[in-house]
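Quick look at my_file08.cif (mmCIF, N, CA and C atoms and all ligand atoms):
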data_target
#
loop_
_atom_site.label_atom_id
_atom_site.label_comp_id
_atom_site.auth_asym_id
_atom_site.auth_seq_id
_atom_site.Cartn_x
_atom_site.Cartn_y
_atom_site.Cartn_z
N MET A 1 -11.71 -8.85 -17.62
CA MET A 1 -11.21 -9.38 -16.35
C MET A 1 -11.49 -8.38 -15.22
N SER A 2 -12.00 -8.87 -14.11
CA SER A 2 -12.30 -7.98 -12.98
C SER A 2 -11.02 -7.52 -12.30
N LEU A 3 -11.05 -6.27 -11.88
CA LEU A 3 -9.91 -5.70 -11.17
C LEU A 3 -10.32 -5.42 -9.72
N PHE A 4 -9.35 -5.55 -8.83
CA PHE A 4 -9.59 -5.29 -7.41
C PHE A 4 -8.48 -4.39 -6.86
N ARG A 5 -8.81 -3.69 -5.77
CA ARG A 5 -7.77 -2.92 -5.07
C ARG A 5 -7.80 -3.28 -3.59
N ILE A 6 -6.63 -3.63 -3.09
CA ILE A 6 -6.47 -3.89 -1.66
C ILE A 6 -5.66 -2.75 -1.05
N VAL A 7 -6.15 -2.24 0.06
CA VAL A 7 -5.44 -1.19 0.79
C VAL A 7 -5.22 -1.69 2.21
N TYR A 8 -3.99 -1.62 2.67
CA TYR A 8 -3.73 -2.08 4.04
C TYR A 8 -2.72 -1.19 4.73
N VAL A 9 -2.71 -1.28 6.06
CA VAL A 9 -1.65 -0.68 6.86
C VAL A 9 -0.99 -1.78 7.66
N SER A 10 0.29 -1.59 7.97
CA SER A 10 1.00 -2.58 8.77
C SER A 10 2.07 -1.86 9.58
N ASP A 11 2.61 -2.58 10.56
CA ASP A 11 3.70 -2.03 11.37
C ASP A 11 5.02 -2.56 10.83
N ALA A 12 5.91 -1.63 10.48
CA ALA A 12 7.24 -2.04 10.02
C ALA A 12 8.01 -2.62 11.20
N VAL A 13 8.97 -3.51 10.90
CA VAL A 13 9.72 -4.20 11.94
C VAL A 13 11.22 -3.94 11.73
N GLY A 14 11.94 -3.68 12.82
CA GLY A 14 13.40 -3.55 12.77
C GLY A 14 13.85 -2.45 11.84
N ASP A 15 14.86 -2.77 11.02
CA ASP A 15 15.44 -1.78 10.10
C ASP A 15 14.39 -1.20 9.15
N ALA A 16 13.36 -1.99 8.86
CA ALA A 16 12.35 -1.54 7.90
C ALA A 16 11.54 -0.36 8.44
N ARG A 17 11.67 -0.09 9.75
CA ARG A 17 10.90 1.04 10.32
C ARG A 17 11.40 2.38 9.78
N GLU A 18 12.71 2.47 9.57
CA GLU A 18 13.26 3.77 9.18
C GLU A 18 14.25 3.71 8.03
N GLY A 19 14.97 2.61 7.91
CA GLY A 19 16.10 2.56 6.97
C GLY A 19 15.69 2.78 5.53
N LEU A 20 16.64 3.37 4.79
CA LEU A 20 16.39 3.58 3.36
C LEU A 20 16.59 2.28 2.59
N MET A 21 17.61 1.50 2.98
CA MET A 21 17.91 0.28 2.21
C MET A 21 16.75 -0.74 2.21
N PRO A 22 16.13 -0.98 3.36
CA PRO A 22 14.98 -1.90 3.31
C PRO A 22 13.89 -1.43 2.36
N LEU A 23 13.68 -0.10 2.35
CA LEU A 23 12.64 0.43 1.47
C LEU A 23 13.03 0.23 0.00
N ILE A 24 14.32 0.46 -0.29
CA ILE A 24 14.80 0.26 -1.68
C ILE A 24 14.64 -1.21 -2.08
N ASP A 25 14.97 -2.11 -1.16
CA ASP A 25 14.83 -3.56 -1.45
C ASP A 25 13.37 -3.91 -1.73
N ILE A 26 12.47 -3.37 -0.91
CA ILE A 26 11.04 -3.69 -1.06
C ILE A 26 10.53 -3.15 -2.40
N ILE A 27 10.89 -1.90 -2.71
CA ILE A 27 10.42 -1.31 -3.96
C ILE A 27 11.01 -2.06 -5.16
N GLY A 28 12.28 -2.50 -5.03
CA GLY A 28 12.93 -3.24 -6.14
C GLY A 28 12.19 -4.54 -6.43
N ALA A 29 11.91 -5.31 -5.37
CA ALA A 29 11.20 -6.59 -5.56
C ALA A 29 9.78 -6.34 -6.07
N SER A 30 9.16 -5.28 -5.54
CA SER A 30 7.78 -4.98 -5.95
C SER A 30 7.73 -4.63 -7.42
N ASP A 31 8.69 -3.80 -7.84
CA ASP A 31 8.71 -3.38 -9.23
C ASP A 31 8.86 -4.60 -10.16
N ARG A 32 9.80 -5.47 -9.80
CA ARG A 32 10.07 -6.65 -10.63
C ARG A 32 8.85 -7.58 -10.67
N ASN A 33 8.35 -7.94 -9.50
CA ASN A 33 7.26 -8.91 -9.45
C ASN A 33 5.95 -8.34 -9.97
N ASN A 34 5.69 -7.08 -9.63
CA ASN A 34 4.40 -6.51 -10.01
C ASN A 34 4.29 -6.30 -11.52
N ARG A 35 5.43 -5.98 -12.16
CA ARG A 35 5.40 -5.91 -13.64
C ARG A 35 5.00 -7.27 -14.22
N ARG A 36 5.62 -8.31 -13.67
CA ARG A 36 5.32 -9.68 -14.12
C ARG A 36 3.84 -10.02 -13.91
N ASP A 37 3.30 -9.58 -12.77
CA ASP A 37 1.94 -9.98 -12.38
C ASP A 37 0.87 -8.95 -12.76
N HIS A 38 1.27 -7.91 -13.49
CA HIS A 38 0.34 -6.84 -13.89
C HIS A 38 -0.34 -6.21 -12.68
N LEU A 39 0.42 -6.07 -11.61
CA LEU A 39 -0.08 -5.36 -10.42
C LEU A 39 0.47 -3.94 -10.43
N THR A 40 -0.31 -3.02 -9.88
CA THR A 40 0.11 -1.62 -9.80
C THR A 40 -0.23 -1.12 -8.40
N GLY A 41 0.38 0.01 -8.02
CA GLY A 41 0.02 0.53 -6.70
C GLY A 41 0.98 1.56 -6.18
N VAL A 42 0.87 1.79 -4.88
CA VAL A 42 1.71 2.79 -4.21
C VAL A 42 2.03 2.31 -2.80
N LEU A 43 3.23 2.66 -2.36
CA LEU A 43 3.67 2.30 -1.00
C LEU A 43 4.16 3.57 -0.31
N MET A 44 3.69 3.78 0.92
CA MET A 44 4.17 4.91 1.72
C MET A 44 4.53 4.40 3.10
N ARG A 45 5.48 5.09 3.71
CA ARG A 45 5.88 4.70 5.07
C ARG A 45 5.93 5.96 5.93
N HIS A 46 5.39 5.85 7.11
CA HIS A 46 5.44 6.99 8.03
C HIS A 46 5.47 6.47 9.46
N ASP A 47 6.42 6.97 10.22
CA ASP A 47 6.44 6.70 11.65
C ASP A 47 6.35 5.19 11.95
N GLY A 48 7.13 4.42 11.19
CA GLY A 48 7.18 2.98 11.45
C GLY A 48 5.97 2.19 10.97
N GLN A 49 5.16 2.81 10.12
CA GLN A 49 4.00 2.09 9.58
C GLN A 49 4.02 2.16 8.04
N PHE A 50 3.59 1.08 7.43
CA PHE A 50 3.42 1.05 5.97
C PHE A 50 1.94 1.26 5.64
N PHE A 51 1.73 1.92 4.51
CA PHE A 51 0.39 2.09 3.94
C PHE A 51 0.56 1.74 2.46
N GLN A 52 -0.13 0.72 2.01
CA GLN A 52 0.06 0.28 0.62
C GLN A 52 -1.29 0.02 -0.05
N ALA A 53 -1.34 0.36 -1.33
CA ALA A 53 -2.48 -0.01 -2.17
C ALA A 53 -1.94 -0.83 -3.33
N VAL A 54 -2.59 -1.95 -3.63
CA VAL A 54 -2.21 -2.77 -4.78
C VAL A 54 -3.46 -3.10 -5.59
N GLU A 55 -3.30 -3.02 -6.89
CA GLU A 55 -4.44 -3.19 -7.81
C GLU A 55 -4.10 -4.28 -8.83
N GLY A 56 -5.10 -5.08 -9.17
CA GLY A 56 -4.86 -6.08 -10.20
C GLY A 56 -5.90 -7.18 -10.15
N ALA A 57 -5.55 -8.31 -10.76
CA ALA A 57 -6.47 -9.46 -10.81
C ALA A 57 -6.46 -10.17 -9.46
N ARG A 58 -7.61 -10.78 -9.14
CA ARG A 58 -7.79 -11.45 -7.84
C ARG A 58 -6.66 -12.43 -7.52
N VAL A 59 -6.36 -13.30 -8.50
CA VAL A 59 -5.40 -14.37 -8.22
C VAL A 59 -4.02 -13.80 -7.92
N ASP A 60 -3.64 -12.74 -8.64
CA ASP A 60 -2.32 -12.14 -8.41
C ASP A 60 -2.28 -11.41 -7.07
N LEU A 61 -3.39 -10.74 -6.73
CA LEU A 61 -3.45 -10.04 -5.44
C LEU A 61 -3.40 -11.05 -4.28
N ASP A 62 -4.12 -12.15 -4.43
CA ASP A 62 -4.13 -13.14 -3.34
C ASP A 62 -2.75 -13.76 -3.14
N ARG A 63 -2.05 -14.00 -4.26
CA ARG A 63 -0.68 -14.54 -4.14
C ARG A 63 0.22 -13.52 -3.44
N LEU A 64 0.09 -12.25 -3.84
CA LEU A 64 0.92 -11.22 -3.20
C LEU A 64 0.60 -11.13 -1.71
N MET A 65 -0.68 -11.13 -1.35
CA MET A 65 -1.03 -11.03 0.07
C MET A 65 -0.42 -12.20 0.85
N GLY A 66 -0.36 -13.37 0.25
CA GLY A 66 0.28 -14.52 0.91
C GLY A 66 1.75 -14.23 1.19
N ARG A 67 2.44 -13.65 0.20
CA ARG A 67 3.87 -13.32 0.40
C ARG A 67 4.01 -12.21 1.45
N LEU A 68 3.10 -11.24 1.38
CA LEU A 68 3.18 -10.11 2.33
C LEU A 68 2.97 -10.59 3.76
N ARG A 69 2.02 -11.52 3.94
CA ARG A 69 1.74 -11.98 5.30
C ARG A 69 2.92 -12.78 5.87
N ALA A 70 3.76 -13.33 4.98
CA ALA A 70 4.91 -14.12 5.44
C ALA A 70 6.18 -13.27 5.57
N ASP A 71 6.09 -11.99 5.26
CA ASP A 71 7.28 -11.14 5.22
C ASP A 71 7.53 -10.55 6.61
N CYS A 72 8.70 -10.90 7.19
CA CYS A 72 8.95 -10.47 8.58
C CYS A 72 9.39 -9.01 8.68
N ARG A 73 9.44 -8.28 7.58
CA ARG A 73 9.79 -6.85 7.67
C ARG A 73 8.60 -6.02 8.13
N HIS A 74 7.44 -6.64 8.22
CA HIS A 74 6.29 -5.94 8.79
C HIS A 74 5.36 -6.94 9.47
N THR A 75 4.45 -6.40 10.27
CA THR A 75 3.53 -7.26 11.02
C THR A 75 2.21 -6.50 11.21
N ASN A 76 1.23 -7.14 11.82
CA ASN A 76 -0.07 -6.49 12.07
C ASN A 76 -0.70 -5.92 10.80
N ILE A 77 -0.72 -6.69 9.73
CA ILE A 77 -1.35 -6.21 8.49
C ILE A 77 -2.85 -6.05 8.74
N GLN A 78 -3.36 -4.85 8.49
CA GLN A 78 -4.80 -4.61 8.67
C GLN A 78 -5.36 -4.09 7.35
N VAL A 79 -6.19 -4.90 6.73
CA VAL A 79 -6.75 -4.54 5.43
C VAL A 79 -7.87 -3.51 5.64
N LEU A 80 -7.71 -2.36 5.01
CA LEU A 80 -8.71 -1.28 5.12
C LEU A 80 -9.77 -1.41 4.05
N ALA A 81 -9.37 -1.90 2.89
CA ALA A 81 -10.33 -2.02 1.78
C ALA A 81 -9.87 -3.15 0.87
N ASP A 82 -10.84 -3.90 0.36
CA ASP A 82 -10.56 -4.94 -0.63
C ASP A 82 -11.80 -4.95 -1.52
N SER A 83 -11.73 -4.22 -2.61
CA SER A 83 -12.96 -4.04 -3.38
C SER A 83 -12.70 -4.07 -4.88
N ARG A 84 -13.76 -4.40 -5.57
CA ARG A 84 -13.72 -4.41 -7.03
C ARG A 84 -13.65 -2.96 -7.52
N ILE A 85 -12.84 -2.72 -8.54
CA ILE A 85 -12.68 -1.35 -9.05
C ILE A 85 -12.93 -1.33 -10.55
N ASP A 86 -13.33 -0.14 -11.03
CA ASP A 86 -13.56 0.02 -12.47
C ASP A 86 -12.27 0.33 -13.21
N HIS A 87 -11.40 1.06 -12.54
CA HIS A 87 -10.14 1.43 -13.19
C HIS A 87 -9.05 1.57 -12.13
N ARG A 88 -7.82 1.48 -12.61
CA ARG A 88 -6.68 1.59 -11.69
C ARG A 88 -6.39 3.05 -11.39
N LEU A 89 -6.04 3.35 -10.14
CA LEU A 89 -5.57 4.70 -9.81
C LEU A 89 -4.09 4.86 -10.14
N PHE A 90 -3.34 3.74 -10.14
CA PHE A 90 -1.89 3.82 -10.30
C PHE A 90 -1.43 3.03 -11.53
N ALA A 91 -2.18 3.19 -12.62
CA ALA A 91 -1.95 2.37 -13.82
C ALA A 91 -0.51 2.46 -14.33
N ASP A 92 0.16 3.58 -14.11
CA ASP A 92 1.51 3.75 -14.66
C ASP A 92 2.62 3.32 -13.72
N TRP A 93 2.27 2.77 -12.56
CA TRP A 93 3.30 2.45 -11.57
C TRP A 93 3.17 1.02 -11.08
N ALA A 94 4.20 0.19 -11.35
CA ALA A 94 4.20 -1.17 -10.79
C ALA A 94 4.18 -1.07 -9.26
N MET A 95 4.95 -0.14 -8.71
CA MET A 95 4.83 0.20 -7.29
C MET A 95 5.46 1.57 -7.09
N ALA A 96 4.60 2.58 -7.03
CA ALA A 96 5.10 3.94 -6.79
C ALA A 96 5.48 4.06 -5.32
N GLN A 97 6.47 4.90 -5.07
CA GLN A 97 6.81 5.20 -3.68
C GLN A 97 6.55 6.68 -3.49
N ALA A 98 5.81 7.03 -2.46
CA ALA A 98 5.48 8.43 -2.25
C ALA A 98 5.66 8.79 -0.79
N ASP A 99 5.94 10.06 -0.54
CA ASP A 99 5.98 10.54 0.85
C ASP A 99 4.55 10.57 1.38
N ALA A 100 4.42 10.31 2.66
CA ALA A 100 3.09 10.35 3.26
C ALA A 100 2.60 11.80 3.31
N PRO A 101 1.45 12.11 2.73
CA PRO A 101 0.91 13.45 2.86
C PRO A 101 0.39 13.66 4.30
N PRO A 102 0.21 14.92 4.70
CA PRO A 102 -0.24 15.19 6.08
C PRO A 102 -1.50 14.41 6.46
N ALA A 103 -2.42 14.24 5.52
CA ALA A 103 -3.66 13.51 5.85
C ALA A 103 -3.35 12.05 6.23
N LEU A 104 -2.35 11.47 5.57
CA LEU A 104 -1.98 10.09 5.92
C LEU A 104 -1.27 10.06 7.27
N GLU A 105 -0.41 11.05 7.51
CA GLU A 105 0.26 11.10 8.81
C GLU A 105 -0.78 11.13 9.93
N ARG A 106 -1.83 11.94 9.73
CA ARG A 106 -2.87 12.04 10.77
C ARG A 106 -3.59 10.71 10.93
N LEU A 107 -3.89 10.07 9.79
CA LEU A 107 -4.59 8.78 9.82
C LEU A 107 -3.76 7.72 10.57
N LEU A 108 -2.46 7.68 10.29
CA LEU A 108 -1.61 6.67 10.93
C LEU A 108 -1.42 6.98 12.41
N GLU A 109 -1.40 8.27 12.74
CA GLU A 109 -1.29 8.62 14.17
C GLU A 109 -2.55 8.20 14.92
N ARG A 110 -3.71 8.37 14.26
CA ARG A 110 -4.96 7.92 14.89
C ARG A 110 -4.93 6.41 15.08
N ARG A 111 -4.36 5.69 14.09
CA ARG A 111 -4.28 4.23 14.20
C ARG A 111 -3.41 3.86 15.39
N SER A 112 -2.27 4.54 15.55
CA SER A 112 -1.39 4.23 16.68
C SER A 112 -2.10 4.50 17.99
N ASP A 113 -2.87 5.57 18.04
CA ASP A 113 -3.51 5.96 19.29
C ASP A 113 -4.68 5.04 19.64
N HIS A 114 -5.47 4.69 18.63
CA HIS A 114 -6.73 3.99 18.92
C HIS A 114 -6.76 2.56 18.40
N GLY A 115 -5.98 2.27 17.36
CA GLY A 115 -5.94 0.91 16.82
C GLY A 115 -7.26 0.43 16.29
N LEU A 116 -8.14 1.33 15.86
CA LEU A 116 -9.43 0.87 15.34
C LEU A 116 -9.78 1.62 14.06
N TYR A 117 -10.73 1.04 13.36
CA TYR A 117 -11.12 1.58 12.07
C TYR A 117 -12.62 1.81 12.02
N ASN A 118 -13.00 2.75 11.20
CA ASN A 118 -14.42 2.95 10.97
C ASN A 118 -14.58 3.44 9.53
N ALA A 119 -15.82 3.69 9.15
CA ALA A 119 -16.07 4.06 7.76
C ALA A 119 -15.34 5.35 7.39
N ALA A 120 -15.27 6.29 8.34
CA ALA A 120 -14.60 7.56 8.05
C ALA A 120 -13.12 7.32 7.76
N PHE A 121 -12.52 6.43 8.52
CA PHE A 121 -11.12 6.08 8.36
C PHE A 121 -10.88 5.56 6.94
N MET A 122 -11.76 4.68 6.47
CA MET A 122 -11.58 4.11 5.12
C MET A 122 -11.85 5.16 4.05
N GLY A 123 -12.82 6.03 4.31
CA GLY A 123 -13.08 7.12 3.36
C GLY A 123 -11.86 8.01 3.23
N ASP A 124 -11.21 8.30 4.37
CA ASP A 124 -9.98 9.11 4.35
C ASP A 124 -8.92 8.41 3.51
N ALA A 125 -8.79 7.10 3.71
CA ALA A 125 -7.76 6.35 2.97
C ALA A 125 -8.01 6.44 1.46
N GLU A 126 -9.26 6.32 1.05
CA GLU A 126 -9.58 6.40 -0.38
C GLU A 126 -9.23 7.78 -0.94
N ARG A 127 -9.55 8.82 -0.16
CA ARG A 127 -9.24 10.18 -0.61
C ARG A 127 -7.73 10.40 -0.72
N ILE A 128 -6.99 9.88 0.25
CA ILE A 128 -5.53 10.02 0.23
C ILE A 128 -4.96 9.35 -1.02
N LEU A 129 -5.50 8.17 -1.34
CA LEU A 129 -5.00 7.46 -2.53
C LEU A 129 -5.32 8.24 -3.80
N PHE A 130 -6.53 8.77 -3.87
CA PHE A 130 -6.90 9.53 -5.06
C PHE A 130 -5.99 10.75 -5.20
N ASP A 131 -5.80 11.50 -4.11
CA ASP A 131 -4.95 12.70 -4.16
C ASP A 131 -3.51 12.32 -4.53
N THR A 132 -3.04 11.21 -3.99
CA THR A 132 -1.66 10.79 -4.28
C THR A 132 -1.52 10.42 -5.76
N SER A 133 -2.52 9.74 -6.30
CA SER A 133 -2.44 9.36 -7.73
C SER A 133 -2.42 10.61 -8.61
N GLN A 134 -3.19 11.64 -8.20
CA GLN A 134 -3.20 12.89 -8.97
C GLN A 134 -1.84 13.58 -8.88
N ALA A 135 -1.26 13.59 -7.67
CA ALA A 135 0.04 14.25 -7.47
C ALA A 135 1.12 13.53 -8.27
N LEU A 136 1.08 12.19 -8.30
CA LEU A 136 2.07 11.43 -9.05
C LEU A 136 1.94 11.72 -10.54
N ALA A 137 0.70 11.77 -11.02
CA ALA A 137 0.47 12.03 -12.45
C ALA A 137 0.96 13.43 -12.81
N ALA A 138 0.74 14.39 -11.91
CA ALA A 138 1.15 15.77 -12.19
C ALA A 138 2.67 15.90 -12.21
N ALA A 139 3.36 15.04 -11.44
CA ALA A 139 4.82 15.13 -11.34
C ALA A 139 5.52 14.51 -12.55
N CYS A 140 4.79 13.78 -13.38
CA CYS A 140 5.42 13.12 -14.54
C CYS A 140 5.75 14.09 -15.67
C1 LIG B 201 5.49 -3.23 3.11
C2 LIG B 201 5.87 -4.22 2.04
C3 LIG B 201 5.31 -4.09 0.77
C4 LIG B 201 5.64 -5.01 -0.23
N1 LIG B 201 5.06 -4.88 -1.47
C5 LIG B 201 5.32 -5.82 -2.41
C6 LIG B 201 4.70 -5.75 -3.69
O1 LIG B 201 3.92 -4.85 -4.00
N2 LIG B 201 5.00 -6.72 -4.60
C7 LIG B 201 5.86 -7.75 -4.31
O2 LIG B 201 6.09 -8.61 -5.17
N3 LIG B 201 6.47 -7.82 -3.12
C8 LIG B 201 6.23 -6.89 -2.16
N4 LIG B 201 6.84 -6.97 -0.96
C9 LIG B 201 7.84 -8.04 -0.75
C10 LIG B 201 7.18 -9.37 -0.51
O3 LIG B 201 6.74 -9.46 0.84
C11 LIG B 201 8.17 -10.53 -0.81
O4 LIG B 201 9.36 -10.35 -0.07
C12 LIG B 201 8.51 -10.57 -2.28
O5 LIG B 201 7.36 -10.50 -3.07
C13 LIG B 201 9.28 -11.87 -2.61
O6 LIG B 201 9.67 -11.77 -3.93
P1 LIG B 201 10.77 -12.75 -4.55
O7 LIG B 201 10.19 -14.13 -4.42
O8 LIG B 201 10.91 -12.28 -5.95
O9 LIG B 201 12.03 -12.56 -3.73
C14 LIG B 201 6.55 -6.06 0.05
C15 LIG B 201 7.09 -6.19 1.33
C16 LIG B 201 6.76 -5.27 2.31
C17 LIG B 201 7.37 -5.41 3.68
#
Could you express the structure from this file as structure tokens?
Amino acid sequence: MSLFRIVYVSDAVGDAREGLMPLIDIIGASDRNNRRDHLTGVLMRHDGQFFQAVEGARVDLDRLMGRLRADCRHTNIQVLADSRIDHRLFADWAMAQADAPPALERLLERRSDHGLYNAAFMGDAERILFDTSQALAAAC
């Protein structure tokens, strides 16, 4: 079965911009649903923006994206990457939650300032995900 990874950024809305409880609710639902759907990934939040990667089968990812687009806790979803992958970076996590590393903080600040993307931006995102997956694995 082919695997895909979607990476996106979005703007958090209302309480979801900073509150701990909205984040706990999101991670709780993600953990429950993603286990059911064999999806894995990571979610980070910084400065009122979400950065998420989700990996799995096409049909499950498309269903999730439909739910995400209808979720009023965030808006302006901008997909940075949607590509076929050979292996999962977050195989052990239905939805890991991680602090944004400095490289992600810089990336999201650039997004706020310029609101545009280029190949370098996506390359940075891929590197951040790889480094985060290594850090999560090392912390286990
Ligand atoms: C930033 C963000 C990330 C989310 N990530 C996931 C996810 O990985 N998996 C998931 O099932 N729901 C996720 N959600 C929640 C969905 O939008 C939706 O509320 C949920 O899937 C509905 O699940 P339910 O029908 O079990 O209540 C996320 C929501 C937000 C705002």
Contacts of range 56-132 of chain A with range 21-30 of chain A up to 9 Å, shortest pair per row, only C-alpha atoms, as CSV:
residue,atom,partner,partner_atom,distance
A:Arg73,CA,A:Pro22,CA,8.4
A:Ala94,CA,A:Ser30,CA,7.1
A:Met95,CA,A:Ser30,CA,6.1
A:Ala96,CA,A:Ile27,CA,8.0
A:Gln97,CA,A:Ile27,CA,7.4
Which residue of A:Gly123, A:Gly56, A:Pro102, A:Gly66 approaches Ser2 in chain A most closely, using all atoms listed in the file: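 Residue with the minimum atom-to-atom distance to Ser2 in chain A: A:Gly56.
Note that the spacing between atom N of Leu108 in chain A and CA of Tyr8 in chain A amounts to 11.7 Å.
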Among listed residues A:Arg127, A:His38, A:His74, A:Arg63, nearest ligand LIG 201 (chain B) (using only C-alpha atoms and all ligand atoms):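 Nearest to ligand LIG 201 (chain B): A:His74.
The spacing separating CA of Ala138 in chain A from atom N of Leu20 in chain A amounts to 26.1 Å.
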Contacts of range 128-136 of chain A within 8 Å, only N, CA and C atoms, excl. fewer than 5 positions in-chain, as a list in words: Ala53, Leu89, Phe90, Ala91, Ala98, Pro101, Ala103, Leu104, Met122 and Gly123 of chain A
Within 8 Å of ligand LIG 201 (chain B), counting only C-alpha atoms and all ligand atoms, residues as JSON, numbers by chain: {"A": [10, 12, 16, 26, 27, 29, 30, 31, 32, 33, 34, 39, 40, 41, 42, 43, 50, 51, 52, 54, 64, 65, 67, 68, 69, 70, 71, 72, 73, 74, 94, 95]}
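Between CA of Val79 in chain A and CA of Ala137 in chain A lies a distance of 25.4 Å.
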Residue among A:His46, A:Thr75, A:Arg36, A:Leu61 lying closest to Val13 in chain A, counting only N, CA and C atoms: A:Thr75
Picked from chain A by DSSP as strand (DSSP E or B), as an MDAnalysis selection string: chainID A and resid 3:12 40:46 49:56 74:85 96:97
Residue list (alpha helix (DSSP H), DSSP) for range 39-116 of chain A, as a VMD selection string: chain A and resid 58 to 69 102 to 114
